[in-house]
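The structure appears below as structure tokens.
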Amino acid sequence: MRFAAAVLSGLAFMAATSTAASAHLVRPFTKHQSDKQKLRTVRADLPHACASRTHGKGCLWLRDLKHKLQAKLARPRLVVHYVSAWLCIHSYEGSWTDSGDPYWGGLQMDRAFMEAYAPRWLLRRGYADRWTPLQQMWVAERAHRSGRGFYPWPTTARLCGLI
């Protein structure tokens with residue numbers, strides 16, 4: 001009888017402790033918190049949640065949440081599929097740092113083109129002559145994928161055999 005009472009009180013203590021630990025595990029997020037703030041909170045709670053040997057599902061859940069937030073906040077990689085095509089077009093156009101108005105950069109992009117396919121870069125970094133060659137090719141790739149193909153460069157694309 002005493003043994004059963006001791007086991008029950010031990011189980012009750014474990015349940016109370018795990019409830020207290022899980023209450024600390026999950027600090028509620030407000031709807032106004034950004035993903036960066038949520039990630040900071042999760043990173044702060046993770047050591048406390050996983051400190052004990054019996055961390056259980058709460059620790060795993062918190063780790064999964066951390067990985068999801070990190071993936072969401074990760075910057076997209078610049079992937080260019082038609083590198084040889086863009087380099088061919090570039091060979092007939094200006095240098096990568098060409099700043100002559102009305103066309104800028106190695107692929108000779110005008111203002112409307114840059115506003116349509118790279119508005120944030122245009123605001124942050126200026127015209128295409130200040131972008132790296134990879135960034136200029138990536139913007140051209142965005143235009144290509146949007147359905148414009150190589151037609152913004154009609155003459156040079158024909159010379160390269162792309163049209």
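Chain identifiers are assigned as A, B, and so on, following the order in which chains appear in the structure tokens; residues are numbered from 1 within each chain, and ligands are numbered from 1 in order of appearance.
Look at Lys66 in chain A: the protein and nucleic acid residues within 8 Å of it, using only C-alpha atoms and passing over chain neighbours fewer than 3 places away, are Leu39, Val42, Arg43, Leu62, Arg63, Leu69 and Gln70 of chain A.
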Go ahead and write the selection's residues with C-alpha atoms as a compact mmCIF listing (two decimals), in the first residue's frame.
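And here is the file that came out, selection-v7.txt:
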# COMPACT_ATOMS: atom_id res chain seq x y z
CA LEU A 39 13.48 32.42 -33.59
CA VAL A 42 12.97 29.58 -29.42
CA ARG A 43 16.78 29.73 -29.27
CA LEU A 62 11.00 23.13 -30.13
CA ARG A 63 13.93 21.91 -32.23
CA LEU A 69 11.95 29.22 -38.64
CA GLN A 70 15.57 29.05 -39.79
Write out as JSON lines the residues of range 43-115 of chain A that have any atom within 8 Å of an atom of range 131-152 of chain A, one row each with the nearest atom pair and its distance in Å to one decimal, counting only C-alpha atoms, sorted by chain and then rising number.
{"residue": "A:Leu78", "atom": "CA", "partner": "A:Trp138", "partner_atom": "CA", "distance": 6.4}
{"residue": "A:Val79", "atom": "CA", "partner": "A:Trp138", "partner_atom": "CA", "distance": 6.8}
{"residue": "A:Val80", "atom": "CA", "partner": "A:Trp138", "partner_atom": "CA", "distance": 5.7}
{"residue": "A:His81", "atom": "CA", "partner": "A:Glu141", "partner_atom": "CA", "distance": 7.6}
{"residue": "A:Tyr82", "atom": "CA", "partner": "A:Glu141", "partner_atom": "CA", "distance": 7.5}
{"residue": "A:Val83", "atom": "CA", "partner": "A:Met137", "partner_atom": "CA", "distance": 7.4}
{"residue": "A:Trp86", "atom": "CA", "partner": "A:Met137", "partner_atom": "CA", "distance": 6.4}
{"residue": "A:Trp96", "atom": "CA", "partner": "A:Pro133", "partner_atom": "CA", "distance": 6.2}
{"residue": "A:Gly105", "atom": "CA", "partner": "A:Gln136", "partner_atom": "CA", "distance": 7.3}
{"residue": "A:Gly106", "atom": "CA", "partner": "A:Pro133", "partner_atom": "CA", "distance": 7.3}
{"residue": "A:Leu107", "atom": "CA", "partner": "A:Gln136", "partner_atom": "CA", "distance": 7.1}
{"residue": "A:Met114", "atom": "CA", "partner": "A:Val139", "partner_atom": "CA", "distance": 7.9}
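Using only C-alpha atoms for every distance, the candidate list A:Asp129, A:Leu46, A:Ala157, A:Ala116 yields A:Ala157 as the residue closest to Ser91 in chain A.
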In range 50-130 of chain A, DSSP helix (DSSP H, G or I) residues written as a tab-separated table (two decimals) with C-alpha atoms, in the first residue's frame:
chain	number	residue	atom	x	y	z
A	56	GLY	CA	10.58	14.32	-24.27
A	57	LYS	CA	8.41	15.66	-27.06
A	58	GLY	CA	8.62	19.31	-26.00
A	59	CYS	CA	12.31	19.51	-26.79
A	60	LEU	CA	11.85	17.80	-30.16
A	61	TRP	CA	8.94	20.06	-31.00
A	62	LEU	CA	11.00	23.13	-30.13
A	63	ARG	CA	13.93	21.91	-32.23
A	64	ASP	CA	11.59	21.32	-35.19
A	65	LEU	CA	10.15	24.81	-34.75
A	66	LYS	CA	13.67	26.25	-34.69
A	67	HIS	CA	14.57	24.46	-37.94
A	68	LYS	CA	11.35	25.60	-39.63
A	69	LEU	CA	11.95	29.22	-38.64
A	70	GLN	CA	15.57	29.05	-39.79
A	71	ALA	CA	14.50	27.63	-43.16
A	72	LYS	CA	11.85	30.32	-43.53
A	73	LEU	CA	14.35	33.07	-42.75
A	83	VAL	CA	24.84	30.93	-67.54
A	84	SER	CA	26.35	30.27	-70.95
A	85	ALA	CA	23.45	32.05	-72.67
A	86	TRP	CA	23.80	35.12	-70.45
A	87	LEU	CA	27.56	35.16	-70.96
A	88	CYS	CA	27.05	35.03	-74.72
A	89	ILE	CA	24.57	37.92	-74.57
A	90	HIS	CA	26.99	39.81	-72.34
A	91	SER	CA	29.81	39.36	-74.86
A	92	TYR	CA	27.82	41.48	-77.36
A	111	ARG	CA	15.10	51.32	-65.59
A	112	ALA	CA	11.74	49.71	-66.37
A	113	PHE	CA	13.36	46.26	-66.61
A	114	MET	CA	15.13	46.71	-63.26
A	115	GLU	CA	11.97	48.05	-61.61
A	116	ALA	CA	9.98	45.07	-62.88
A	117	TYR	CA	12.40	42.26	-62.01
A	119	PRO	CA	12.81	46.46	-57.40
A	120	ARG	CA	14.45	45.79	-54.02
A	121	TRP	CA	17.95	45.63	-55.46
A	122	LEU	CA	17.26	48.81	-57.39
A	123	LEU	CA	16.31	50.59	-54.16
A	124	ARG	CA	19.12	49.13	-52.03
A	125	ARG	CA	22.04	48.93	-54.44
A	128	ALA	CA	22.64	47.17	-62.43
A	129	ASP	CA	26.18	48.49	-62.92
A	130	ARG	CA	26.62	48.16	-59.12
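With CA of Met109 in chain A on one side and CA of Trp153 in chain A on the other, the separation reads 9.5 Å.
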